[in-house]
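Listing of coords.txt, compact mmCIF, C-alpha atoms and all ligand atoms
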```txt
# COMPACT_ATOMS: atom_id res chain seq x y z
CA MET T 1 -20.29 23.57 -40.78
CA SER T 2 -22.79 24.83 -43.37
CA ASP T 3 -22.75 21.68 -45.50
CA LEU T 4 -23.66 19.53 -42.48
CA LYS T 5 -27.13 17.98 -42.33
CA ASN T 6 -26.64 17.07 -38.67
CA PRO T 7 -24.47 19.64 -36.84
CA LEU T 8 -25.60 18.59 -33.30
CA PHE T 9 -22.24 17.10 -32.31
CA LEU T 10 -20.27 20.21 -33.31
CA GLN T 11 -22.84 22.50 -31.70
CA ALA T 12 -22.54 20.61 -28.42
CA CYS T 13 -18.72 20.70 -28.64
CA ARG T 14 -19.03 24.49 -28.86
CA ARG T 15 -21.51 24.55 -25.97
CA GLU T 16 -24.28 25.93 -28.16
CA PRO T 17 -27.91 25.06 -27.25
CA VAL T 18 -29.33 21.97 -29.00
CA ASN T 19 -32.77 20.33 -29.25
CA ARG T 20 -31.36 16.97 -28.21
CA THR T 21 -28.06 15.58 -26.97
CA PRO T 22 -25.80 14.20 -29.71
CA VAL T 23 -24.43 10.68 -29.19
CA TRP T 24 -21.64 8.47 -30.54
CA MET T 25 -19.58 5.66 -29.01
CA MET T 26 -15.84 5.33 -28.53
CA ARG T 27 -14.63 2.31 -30.54
CA GLN T 28 -17.91 2.31 -32.48
CA ALA T 29 -16.11 1.09 -35.62
CA GLY T 30 -15.29 -2.41 -34.43
CA ARG T 31 -15.87 -6.03 -33.63
CA TYR T 32 -19.33 -5.90 -32.00
CA LEU T 33 -20.69 -5.27 -35.54
CA PRO T 34 -21.09 -8.42 -37.70
CA GLN T 35 -20.55 -6.19 -40.75
CA TYR T 36 -17.11 -5.24 -39.34
CA ARG T 37 -16.25 -8.87 -38.59
CA ALA T 38 -17.17 -9.89 -42.15
CA ILE T 39 -14.58 -7.49 -43.58
CA ARG T 40 -12.08 -8.29 -40.82
CA ALA T 41 -12.39 -12.03 -41.60
CA LYS T 42 -10.83 -11.36 -45.00
CA ASN T 43 -8.23 -8.75 -43.96
CA ASP T 44 -5.78 -8.41 -41.10
CA PHE T 45 -6.15 -5.42 -38.81
CA LEU T 46 -3.20 -3.38 -40.13
CA THR T 47 -4.24 -3.98 -43.74
CA MET T 48 -7.62 -2.53 -42.85
CA CYS T 49 -5.95 0.51 -41.26
CA LYS T 50 -3.78 1.02 -44.34
CA THR T 51 -6.44 0.50 -47.04
CA PRO T 52 -8.49 3.73 -47.21
CA GLU T 53 -11.46 2.00 -48.94
CA LEU T 54 -11.75 -0.54 -46.11
CA ALA T 55 -11.11 2.01 -43.34
CA SER T 56 -13.74 4.28 -44.82
CA GLU T 57 -16.28 1.49 -45.18
CA VAL T 58 -16.03 0.34 -41.54
CA SER T 59 -15.99 3.95 -40.27
CA ILE T 60 -19.40 4.55 -41.85
CA GLN T 61 -20.98 1.27 -40.68
CA PRO T 62 -22.12 2.61 -37.26
CA VAL T 63 -23.55 5.73 -38.93
CA ASP T 64 -25.70 3.55 -41.22
CA ILE T 65 -26.52 0.80 -38.73
CA LEU T 66 -26.94 2.71 -35.46
CA GLY T 67 -27.62 6.30 -36.49
CA VAL T 68 -24.86 7.86 -34.36
CA ASP T 69 -24.39 11.64 -34.60
CA ALA T 70 -20.66 11.52 -35.42
CA CYS T 71 -18.35 9.25 -37.40
CA ILE T 72 -14.86 8.43 -36.07
CA ILE T 73 -12.28 7.41 -38.63
CA PHE T 74 -11.23 3.76 -38.31
CA SER T 75 -7.49 3.60 -37.57
CA ASP T 76 -5.33 3.01 -34.51
CA ILE T 77 -3.25 5.18 -32.19
CA LEU T 78 -0.24 2.91 -32.80
CA VAL T 79 0.22 3.81 -36.50
CA VAL T 80 2.14 6.92 -35.37
CA PRO T 81 4.88 5.08 -33.39
CA GLU T 82 5.09 2.67 -36.31
CA ALA T 83 5.72 5.60 -38.67
CA MET T 84 8.42 6.80 -36.24
CA GLY T 85 10.33 3.55 -36.73
CA LEU T 86 8.95 0.91 -34.34
CA LYS T 87 7.90 -2.46 -35.72
CA LEU T 88 4.19 -3.06 -35.02
CA VAL T 89 2.72 -6.56 -35.09
CA VAL T 90 -0.84 -7.68 -34.46
CA GLU T 91 -0.94 -11.45 -34.10
CA GLU T 92 -4.28 -13.22 -34.27
CA GLY T 93 -5.51 -14.40 -30.88
CA LYS T 94 -2.40 -13.16 -29.03
CA GLY T 95 -3.85 -10.21 -27.15
CA GLY T 96 -3.37 -6.68 -28.41
CA PRO T 97 -0.85 -5.13 -30.79
CA ARG T 98 2.87 -5.27 -29.86
CA PHE T 99 6.11 -3.54 -30.78
CA THR T 100 8.91 -6.04 -31.37
CA ASN T 101 11.65 -3.44 -30.77
CA PRO T 102 10.45 -1.43 -27.73
CA ILE T 103 12.28 1.69 -26.52
CA ARG T 104 14.81 0.84 -23.82
CA SER T 105 17.44 3.60 -23.97
CA ARG T 106 18.16 7.20 -24.90
CA THR T 107 19.76 5.96 -28.14
CA ASP T 108 16.48 4.24 -29.05
CA ILE T 109 14.67 7.56 -28.53
CA GLU T 110 17.26 9.45 -30.61
CA LYS T 111 16.70 7.04 -33.49
CA LEU T 112 12.95 7.81 -33.70
CA ALA T 113 11.94 9.87 -36.73
CA ILE T 114 9.34 12.66 -36.78
CA PRO T 115 7.21 11.40 -39.67
CA ASP T 116 5.88 13.59 -42.47
CA PRO T 117 2.16 12.69 -42.27
CA ALA T 118 1.63 13.40 -45.99
CA ARG T 119 4.11 10.61 -46.75
CA GLU T 120 4.31 8.03 -43.96
CA LEU T 121 0.70 8.37 -42.79
CA LYS T 122 -0.91 9.17 -46.12
CA PHE T 123 -3.26 6.20 -45.77
CA VAL T 124 -5.00 7.89 -42.81
CA LEU T 125 -5.33 11.21 -44.67
CA ASP T 126 -6.71 9.41 -47.74
CA ALA T 127 -9.20 7.52 -45.56
CA ILE T 128 -10.35 10.83 -44.07
CA ARG T 129 -10.81 12.46 -47.48
CA MET T 130 -12.67 9.41 -48.78
CA THR T 131 -14.90 9.18 -45.69
CA ARG T 132 -15.78 12.89 -45.77
CA LYS T 133 -16.89 12.43 -49.36
CA ALA T 134 -18.92 9.28 -48.65
CA LEU T 135 -20.60 10.86 -45.60
CA ASP T 136 -21.73 13.75 -47.79
CA GLY T 137 -22.42 15.95 -44.75
CA ARG T 138 -24.65 13.44 -42.95
CA VAL T 139 -22.65 13.73 -39.70
CA PRO T 140 -19.26 15.24 -38.78
CA LEU T 141 -16.06 13.19 -39.01
CA ILE T 142 -13.73 12.85 -36.01
CA GLY T 143 -9.99 12.16 -36.36
CA PHE T 144 -7.87 11.00 -33.42
CA SER T 145 -4.47 10.25 -31.98
CA GLY T 146 -3.04 8.80 -28.80
CA SER T 147 -1.61 11.18 -26.21
CA PRO T 148 2.19 11.33 -26.08
CA TRP T 149 2.16 9.63 -22.65
CA THR T 150 -0.08 6.75 -23.77
CA LEU T 151 2.02 6.23 -26.90
CA ALA T 152 5.22 6.36 -24.81
CA ALA T 153 3.81 3.70 -22.46
CA TYR T 154 3.15 1.39 -25.41
CA MET T 155 6.52 2.10 -27.00
CA ILE T 156 8.47 1.43 -23.81
CA GLU T 157 6.46 -1.56 -22.58
CA GLY T 158 6.21 -2.99 -26.10
CA GLY T 159 2.47 -3.61 -25.62
CA GLY T 160 -0.28 -3.42 -23.05
CA SER T 161 0.77 -4.01 -19.45
CA ARG T 162 -0.75 -4.65 -16.04
CA THR T 163 1.88 -2.83 -13.97
CA PHE T 164 3.71 -0.60 -16.51
CA ARG T 165 6.88 -1.31 -14.56
CA THR T 166 9.29 -0.45 -17.39
CA ILE T 167 7.98 3.05 -18.16
CA LYS T 168 7.41 3.77 -14.46
CA GLU T 169 10.97 2.76 -13.66
CA MET T 170 12.26 5.03 -16.45
CA LEU T 171 10.04 7.86 -15.19
CA TYR T 172 11.44 7.72 -11.66
CA VAL T 173 15.06 6.86 -12.62
CA ASN T 174 15.56 8.81 -15.87
CA PRO T 175 12.75 11.39 -16.05
CA ARG T 176 14.73 13.45 -18.57
CA ASP T 177 14.70 10.56 -21.04
CA VAL T 178 10.93 10.24 -20.65
CA HIS T 179 10.53 13.98 -21.25
CA PHE T 180 12.77 13.73 -24.30
CA LEU T 181 10.57 10.94 -25.70
CA LEU T 182 7.36 12.85 -24.85
CA GLU T 183 8.64 15.95 -26.63
CA LYS T 184 9.36 13.96 -29.78
CA LEU T 185 5.94 12.32 -29.56
CA ALA T 186 4.23 15.69 -29.07
CA GLU T 187 5.94 17.05 -32.21
CA ALA T 188 4.93 13.96 -34.20
CA THR T 189 1.36 13.98 -32.84
CA GLY T 190 0.92 17.72 -33.39
CA ALA T 191 1.98 17.44 -37.04
CA TYR T 192 -0.22 14.35 -37.47
CA LEU T 193 -3.38 15.96 -36.01
CA LYS T 194 -2.76 19.12 -38.02
CA ALA T 195 -2.62 17.02 -41.19
CA ILE T 196 -5.77 15.14 -40.12
CA ILE T 197 -7.62 18.45 -39.68
CA GLU T 198 -6.36 19.72 -43.05
CA ALA T 199 -7.52 16.48 -44.69
CA GLY T 200 -11.06 17.20 -43.47
CA ALA T 201 -11.60 15.94 -39.91
CA GLN T 202 -14.20 18.22 -38.30
CA ALA T 203 -13.10 17.44 -34.72
CA VAL T 204 -10.19 15.54 -33.17
CA GLN T 205 -9.93 13.41 -30.05
CA ILE T 206 -6.76 12.69 -28.08
CA PHE T 207 -6.95 9.33 -26.25
CA ASP T 208 -4.93 9.30 -23.04
CA SER T 209 -5.85 5.73 -22.18
CA TRP T 210 -2.99 5.31 -19.72
CA GLY T 211 -2.92 8.74 -18.03
CA GLY T 212 -4.64 7.02 -15.10
CA ILE T 213 -1.65 4.83 -14.23
CA LEU T 214 0.10 7.95 -12.89
CA PRO T 215 -0.35 9.68 -9.53
CA PRO T 216 -1.95 13.14 -10.03
CA HIS T 217 1.31 15.08 -9.77
CA GLU T 218 3.05 12.87 -12.37
CA PHE T 219 -0.06 12.91 -14.57
CA ARG T 220 0.19 16.69 -14.78
CA GLU T 221 3.96 16.75 -15.25
CA PHE T 222 4.21 13.99 -17.86
CA SER T 223 0.87 13.43 -19.55
CA LEU T 224 -1.03 16.68 -19.42
CA ARG T 225 2.02 18.81 -20.14
CA SER T 226 2.67 16.88 -23.34
CA ILE T 227 -1.01 17.09 -24.34
CA ARG T 228 -0.72 20.88 -23.96
CA HIS T 229 2.37 20.76 -26.16
CA VAL T 230 0.32 18.94 -28.86
CA LEU T 231 -2.52 21.48 -28.58
CA SER T 232 -0.05 24.35 -29.01
CA LEU T 233 0.88 22.92 -32.42
CA LEU T 234 -2.70 22.84 -33.75
CA PRO T 235 -4.28 25.64 -35.77
CA THR T 236 -6.10 27.65 -33.06
CA ARG T 237 -9.85 27.16 -32.80
CA SER T 238 -10.12 25.54 -36.21
CA VAL T 239 -11.97 22.42 -35.03
CA PRO T 240 -13.02 21.24 -31.54
CA VAL T 241 -10.46 19.16 -29.64
CA ILE T 242 -11.68 16.43 -27.27
CA VAL T 243 -9.25 15.22 -24.60
CA PHE T 244 -10.14 11.87 -22.99
CA CYS T 245 -7.89 10.87 -20.10
CA ARG T 246 -9.05 7.58 -18.67
CA GLU T 247 -9.12 7.27 -14.87
CA CYS T 248 -8.01 10.89 -14.41
CA GLY T 249 -11.02 12.19 -12.49
CA HIS T 250 -8.54 13.77 -10.07
CA SER T 251 -7.48 16.37 -12.67
CA LEU T 252 -10.65 17.41 -14.56
CA GLU T 253 -10.13 21.13 -13.90
CA ASP T 254 -6.55 20.94 -15.20
CA ILE T 255 -7.62 19.03 -18.31
CA ALA T 256 -10.34 21.63 -18.99
CA GLU T 257 -7.78 24.41 -18.58
CA SER T 258 -5.32 22.73 -20.96
CA GLY T 259 -7.12 24.21 -23.96
CA ALA T 260 -9.38 21.22 -24.68
CA ASP T 261 -12.80 22.24 -26.00
CA VAL T 262 -14.34 18.99 -24.73
CA VAL T 263 -13.26 16.86 -21.76
CA GLY T 264 -13.99 13.13 -22.04
CA ILE T 265 -15.39 11.72 -18.78
CA ASP T 266 -14.92 8.03 -17.98
CA TRP T 267 -17.61 6.01 -16.22
CA ALA T 268 -15.92 6.19 -12.80
CA THR T 269 -16.79 9.90 -12.43
CA ASP T 270 -20.26 11.30 -11.69
CA LEU T 271 -21.16 13.50 -14.67
CA GLY T 272 -22.98 16.04 -12.52
CA VAL T 273 -19.95 16.46 -10.27
CA ALA T 274 -17.72 16.71 -13.36
CA ARG T 275 -19.93 19.46 -14.80
CA ARG T 276 -19.84 21.49 -11.60
CA ARG T 277 -16.07 21.14 -11.42
CA VAL T 278 -15.42 22.03 -15.07
CA GLY T 279 -18.12 24.74 -15.22
CA SER T 280 -18.08 26.74 -18.41
CA LYS T 281 -14.44 25.95 -19.22
CA ALA T 282 -15.28 23.06 -21.60
CA ALA T 283 -18.04 20.80 -22.88
CA LEU T 284 -18.17 17.25 -21.49
CA GLN T 285 -18.38 13.92 -23.32
CA GLY T 286 -19.53 10.71 -21.65
CA ASN T 287 -20.10 8.60 -19.67
CA LEU T 288 -22.23 5.43 -19.61
CA ASP T 289 -20.38 2.34 -18.33
CA PRO T 290 -20.07 0.24 -21.53
CA ALA T 291 -21.02 -2.83 -19.46
CA VAL T 292 -24.55 -1.38 -19.08
CA LEU T 293 -24.99 -2.43 -22.73
CA TYR T 294 -25.11 -6.06 -21.55
CA ALA T 295 -28.41 -5.22 -19.78
CA PRO T 296 -31.85 -5.17 -21.46
CA PRO T 297 -33.05 -1.98 -23.26
CA LYS T 298 -35.25 -0.90 -20.33
CA THR T 299 -32.24 -0.83 -17.98
CA ILE T 300 -30.10 0.93 -20.59
CA ARG T 301 -32.78 3.62 -20.86
CA GLU T 302 -32.88 4.11 -17.07
CA HIS T 303 -29.12 4.67 -17.00
CA VAL T 304 -29.35 7.10 -19.93
CA VAL T 305 -32.03 9.13 -18.12
CA ARG T 306 -29.94 9.20 -14.93
CA ILE T 307 -26.93 10.56 -16.81
CA LEU T 308 -29.02 13.20 -18.62
CA GLU T 309 -30.39 14.30 -15.23
CA GLN T 310 -26.92 14.34 -13.67
CA PHE T 311 -25.67 16.65 -16.41
CA GLY T 312 -28.83 18.77 -16.22
CA PRO T 313 -30.34 21.27 -18.68
CA HIS T 314 -27.08 22.94 -19.66
CA PRO T 315 -25.41 23.27 -23.06
CA GLY T 316 -22.27 21.29 -23.84
CA HIS T 317 -22.96 17.57 -23.37
CA ILE T 318 -22.01 14.94 -25.94
CA PHE T 319 -23.39 11.58 -24.85
CA ASN T 320 -20.91 8.71 -25.14
CA LEU T 321 -19.78 5.65 -23.29
CA GLY T 322 -17.33 6.07 -20.42
CA HIS T 323 -14.83 3.92 -22.34
CA GLY T 324 -14.77 1.97 -25.63
CA ILE T 325 -17.65 -0.37 -26.44
CA HIS T 326 -16.88 -4.00 -25.56
CA PRO T 327 -16.42 -6.32 -28.58
CA ASP T 328 -19.10 -8.75 -27.31
CA THR T 329 -21.84 -6.12 -26.93
CA PRO T 330 -25.14 -7.16 -28.57
CA VAL T 331 -25.75 -4.81 -31.53
CA ASP T 332 -29.44 -4.48 -30.59
CA ASN T 333 -28.42 -3.11 -27.19
CA ALA T 334 -26.03 -0.61 -28.78
CA LYS T 335 -28.91 0.51 -31.01
CA ALA T 336 -31.23 0.69 -27.96
CA PHE T 337 -28.65 2.98 -26.29
CA ILE T 338 -28.45 5.38 -29.26
CA ASP T 339 -32.26 5.46 -29.61
CA ALA T 340 -32.74 6.01 -25.87
CA VAL T 341 -30.35 9.00 -25.86
CA LYS T 342 -32.13 10.55 -28.84
CA GLU T 343 -35.65 10.06 -27.42
CA GLU T 344 -35.00 10.81 -23.77
CA SER T 345 -32.83 13.84 -24.43
CA SER T 346 -35.43 15.32 -26.84
CA ARG T 347 -37.99 15.01 -24.05
CA PHE T 348 -35.56 16.33 -21.46
CA HIS T 349 -34.57 19.40 -23.50
CA ALA T 350 -38.24 20.15 -24.40
CA SER T 351 -39.36 20.05 -20.77
CA ALA T 352 -36.35 22.15 -19.70
CA ARG T 353 -37.36 24.77 -22.29
CA SER T 354 -40.97 24.89 -21.15
CA SER T 355 -40.22 25.11 -17.42
O1 LIG T 401 -13.33 4.44 -32.12
C1 LIG T 401 -13.30 3.86 -33.21
O2 LIG T 401 -14.19 3.10 -33.59
C2 LIG T 401 -12.15 4.11 -34.15
C3 LIG T 401 -11.18 3.09 -34.16
C4 LIG T 401 -10.18 2.91 -33.04
C5 LIG T 401 -9.44 1.70 -32.91
N1 LIG T 401 -8.50 1.88 -31.95
C6 LIG T 401 -9.65 0.49 -33.72
C7 LIG T 401 -9.19 -0.80 -33.20
C8 LIG T 401 -9.71 3.79 -32.06
C9 LIG T 401 -10.19 5.20 -31.69
C10 LIG T 401 -8.63 3.13 -31.40
C11 LIG T 401 -7.84 3.78 -30.34
C12 LIG T 401 -6.92 2.95 -29.54
N2 LIG T 401 -6.11 1.94 -29.97
C13 LIG T 401 -6.68 3.16 -28.18
C14 LIG T 401 -7.28 4.25 -27.34
C15 LIG T 401 -8.68 3.96 -26.91
C16 LIG T 401 -8.79 2.92 -25.83
O3 LIG T 401 -9.47 1.94 -26.09
O4 LIG T 401 -8.21 3.10 -24.75
C17 LIG T 401 -5.74 2.19 -27.77
C18 LIG T 401 -5.21 2.02 -26.37
C19 LIG T 401 -5.38 1.44 -28.92
C20 LIG T 401 -4.38 0.33 -29.03
C21 LIG T 401 -5.04 -0.93 -29.38
N3 LIG T 401 -5.51 -1.25 -30.63
C22 LIG T 401 -5.27 -2.04 -28.54
C23 LIG T 401 -4.90 -2.11 -27.07
C24 LIG T 401 -5.90 -3.01 -29.31
C25 LIG T 401 -6.23 -4.40 -28.86
C26 LIG T 401 -7.37 -4.41 -27.94
C27 LIG T 401 -8.60 -4.52 -28.75
O5 LIG T 401 -9.53 -3.74 -28.52
O6 LIG T 401 -8.60 -5.43 -29.60
C28 LIG T 401 -6.08 -2.48 -30.62
C29 LIG T 401 -6.71 -3.13 -31.77
C30 LIG T 401 -7.89 -2.45 -32.35
N4 LIG T 401 -7.99 -1.09 -32.60
C31 LIG T 401 -9.11 -3.05 -32.80
C32 LIG T 401 -9.91 -2.03 -33.34
C33 LIG T 401 -11.25 -2.18 -34.00
C34 LIG T 401 -9.41 -4.53 -32.78
C35 LIG T 401 -8.69 -5.15 -33.92
C36 LIG T 401 -9.40 -6.34 -34.48
O7 LIG T 401 -10.30 -6.16 -35.31
O8 LIG T 401 -8.99 -7.45 -34.13
```
Written form, structure tokens:
Amino acid sequence: MSDLKNPLFLQACRREPVNRTPVWMMRQAGRYLPQYRAIRAKNDFLTMCKTPELASEVSIQPVDILGVDACIIFSDILVVPEAMGLKLVVEEGKGGPRFTNPIRSRTDIEKLAIPDPARELKFVLDAIRMTRKALDGRVPLIGFSGSPWTLAAYMIEGGGSRTFRTIKEMLYVNPRDVHFLLEKLAEATGAYLKAIIEAGAQAVQIFDSWGGILPPHEFREFSLRSIRHVLSLLPTRSVPVIVFCRECGHSLEDIAESGADVVGIDWATDLGVARRRVGSKAALQGNLDPAVLYAPPKTIREHVVRILEQFGPHPGHIFNLGHGIHPDTPVDNAKAFIDAVKEESSRFHASARSS
């Protein structure tokens, strides 16, 4: 941490006291930035993921343009299933990414490889090394992966879904097959995150975007259990691990007890309630509704102040959105959000110290 000019994010992850609350945004490297769209206009999405120079350039854009306190590497959660043998396509204007050969049987699961990150996912590791160098200690670099459950949902459905009927049917009819797939994914994800940390990521985040499609009992049995499996494969206490399970407010205590250093809180949960429930077990990251960024700066600031007050004068808060930033967010409003967190939290922490 010694070479870092701005260690606020890592200090907050470790629940150390800070002079102001650090802030970054999920999906901050993306389409709301004209500078991202300019590069994207000349390259397809997967080419950008697989060209370390391009990935590094767009990762750093929000650091330069918005002054966020952490950089997240530009990539996608779906590069791991691709490296395991699924065919990933991202067609222009046809919704999100898709797998053309989704998992439908135990044989399909048996065929999946556990990739060697240094070979099949070298482009991510190179992008991390290059970005660390270019950042030159300005802010810490975050690496990420999907959770095994979220990856499994994509691999079985073949893409995004409204009902997730295929994976839910498999879960209730052939739970052992789902566990078999989750175990393979946990092994692959554990090796991948370990390699990401060794390449220089100073924190990692696991995105469980689809944990919330499960009832609480199934969430714990299928999603959280496989997240714990991933955490057991990481070098202990080397870098902070953030676990963000979307729409899983029912299980915050269990997520905090899973070994996560930081629990991501989505916008549907009150941050003050979350803090009281999690206590000193983990730091919290969140949780402004990204749609607030459609409102004028004055309104954005009011919501920032409310969230700071909800969390209260305690260590261990990383300000973030409660889900990824929307692609049509005005950049000026994103900047107003970052500035408001910096200014209001400086004031908030100073008055908490003096009282
Ligand atoms: O946070 C960051 O800025 C880093 C980059 C990042 C991307 N995807 C880039 C991306 C991260 C952290 C992700 C994670 C990701 N990818 C998740 C988990 C987070 C979440 O939002 O729930 C998921 C579910 C995916 C899978 C994925 N990739 C989808 C569903 C889509 C299409 C929807 C969309 O937002 O376009 C993508 C494509 C994608 N991943 C884009 C970006 C910038 C848009 C691609 C483009 O430029 O057209």
Surrounding residues of segment 181-198 of chain T excluding itself and chain neighbours under 4 positions, 9 Å, all atoms listed in the file, as a count of residues only: 45
Selection near Leu10 of chain T, 10 Å with only C-alpha atoms, sequence-local residues under 6 positions removed, as a ChimeraX atom specification: /T:1,4,16,22,69-70,139-141,202-203,239-240,316,318
Interatomic distance, atom CA of Glu157 of chain T to atom CA of Ala41 of chain T (Å, one decimal): 28.8 Å
Point-to-point distance in Å for atom CA of Gly264 of chain T and atom CA of Arg246 of chain T: 8.2 Å
Distance query Met155 of chain T at most 10 Å, all atoms listed in the file, self and fewer than 2 positions along chain excluded, as a PDB file with C-alpha atoms, keeping the file's coordinate frame:
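File produced: selection-v7.pdb:
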```
ATOM      1  CA  LEU T  78      -0.240   2.910 -32.800  1.00  0.00           C
ATOM      2  CA  PRO T  81       4.880   5.080 -33.390  1.00  0.00           C
ATOM      3  CA  GLU T  82       5.090   2.670 -36.310  1.00  0.00           C
ATOM      4  CA  LEU T  86       8.950   0.910 -34.340  1.00  0.00           C
ATOM      5  CA  LYS T  87       7.900  -2.460 -35.720  1.00  0.00           C
ATOM      6  CA  LEU T  88       4.190  -3.060 -35.020  1.00  0.00           C
ATOM      7  CA  ARG T  98       2.870  -5.270 -29.860  1.00  0.00           C
ATOM      8  CA  PHE T  99       6.110  -3.540 -30.780  1.00  0.00           C
ATOM      9  CA  THR T 100       8.910  -6.040 -31.370  1.00  0.00           C
ATOM     10  CA  ASN T 101      11.650  -3.440 -30.770  1.00  0.00           C
ATOM     11  CA  PRO T 102      10.450  -1.430 -27.730  1.00  0.00           C
ATOM     12  CA  ILE T 103      12.280   1.690 -26.520  1.00  0.00           C
ATOM     13  CA  ARG T 104      14.810   0.840 -23.820  1.00  0.00           C
ATOM     14  CA  ILE T 109      14.670   7.560 -28.530  1.00  0.00           C
ATOM     15  CA  TRP T 149       2.160   9.630 -22.650  1.00  0.00           C
ATOM     16  CA  THR T 150      -0.080   6.750 -23.770  1.00  0.00           C
ATOM     17  CA  LEU T 151       2.020   6.230 -26.900  1.00  0.00           C
ATOM     18  CA  ALA T 152       5.220   6.360 -24.810  1.00  0.00           C
ATOM     19  CA  ALA T 153       3.810   3.700 -22.460  1.00  0.00           C
ATOM     20  CA  GLU T 157       6.460  -1.560 -22.580  1.00  0.00           C
ATOM     21  CA  GLY T 158       6.210  -2.990 -26.100  1.00  0.00           C
ATOM     22  CA  GLY T 159       2.470  -3.610 -25.620  1.00  0.00           C
ATOM     23  CA  GLY T 160      -0.280  -3.420 -23.050  1.00  0.00           C
ATOM     24  CA  ILE T 167       7.980   3.050 -18.160  1.00  0.00           C
ATOM     25  CA  LEU T 181      10.570  10.940 -25.700  1.00  0.00           C
TER      26      LEU T 181
END
```
Minimum-distance residue to ligand LIG 401 (chain T), chosen among T:Pro97, T:Gly67, T:Pro17, T:Gly312 (using all atoms listed in the file):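 For ligand LIG 401 (chain T), the nearest of the given residues is T:Pro97.
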Within 7 Å of ligand LIG 401 (chain T), counting all atoms listed in the file, residues as a PyMOL selection string: chain T and resi 26-31+40+45+59+72-78+95-97+144+146+160+207+209+323-324
Residues within 12 Å of (-16.3, 22.5, -20.7), counting all atoms listed in the file, listed as a PyMOL selection string: chain T and resi 12-16+240-243+252-265+271+274-285+311+314-318
Point-to-point distance from atom CA of Thr47 of chain T to atom CA of Gln35 of chain T, Å rounded to tenths: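 Rounded to one decimal, the two atoms are 16.7 Å apart.
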Nearest to Pro216 of chain T by atom-to-atom distance, counting all atoms listed in the file, from T:His250, T:Arg301, T:Arg37, T:Arg237: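 Distance minimum relative to Pro216 of chain T lands on T:His250.
Closest to Asp332 of chain T among T:Ile65, T:Val304, T:Val89, T:Ala55 is T:Ile65, based on only C-alpha atoms.
Among the candidates T:Cys71, T:Phe219, T:Glu92, T:Pro175, the residue lying nearest to Gln205 of chain T is T:Cys71 (atoms considered: all atoms listed in the file).
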Among the residues T:Arg129, T:Glu247, T:Leu66, T:Leu288, the one that comes closest to Lys335 of chain T [using only C-alpha atoms]: T:Leu66
Closest of T:Val58, T:Leu308, T:Ala201, T:Leu321 to Gly286 of chain T - atom-to-atom distances counting all atoms listed in the file: T:Leu321
Exercise on segment 261-272 of chain T, axis-aligned box with 3 Å per side, report centre and edge lengths in Å to one decimal, as lines of an AutoDock Vina configuration file:
```
center_x = -17.9
center_y = 14.1
center_z = -18.8
size_x = 16.2
size_y = 22.2
size_z = 20.3
```
Segment 351-353 of chain T environment, 10 Å, only C-alpha atoms, sequence neighbours closer than 2 positions dropped, as number ranges by chain: T: 19, 312-314, 345-349, 355
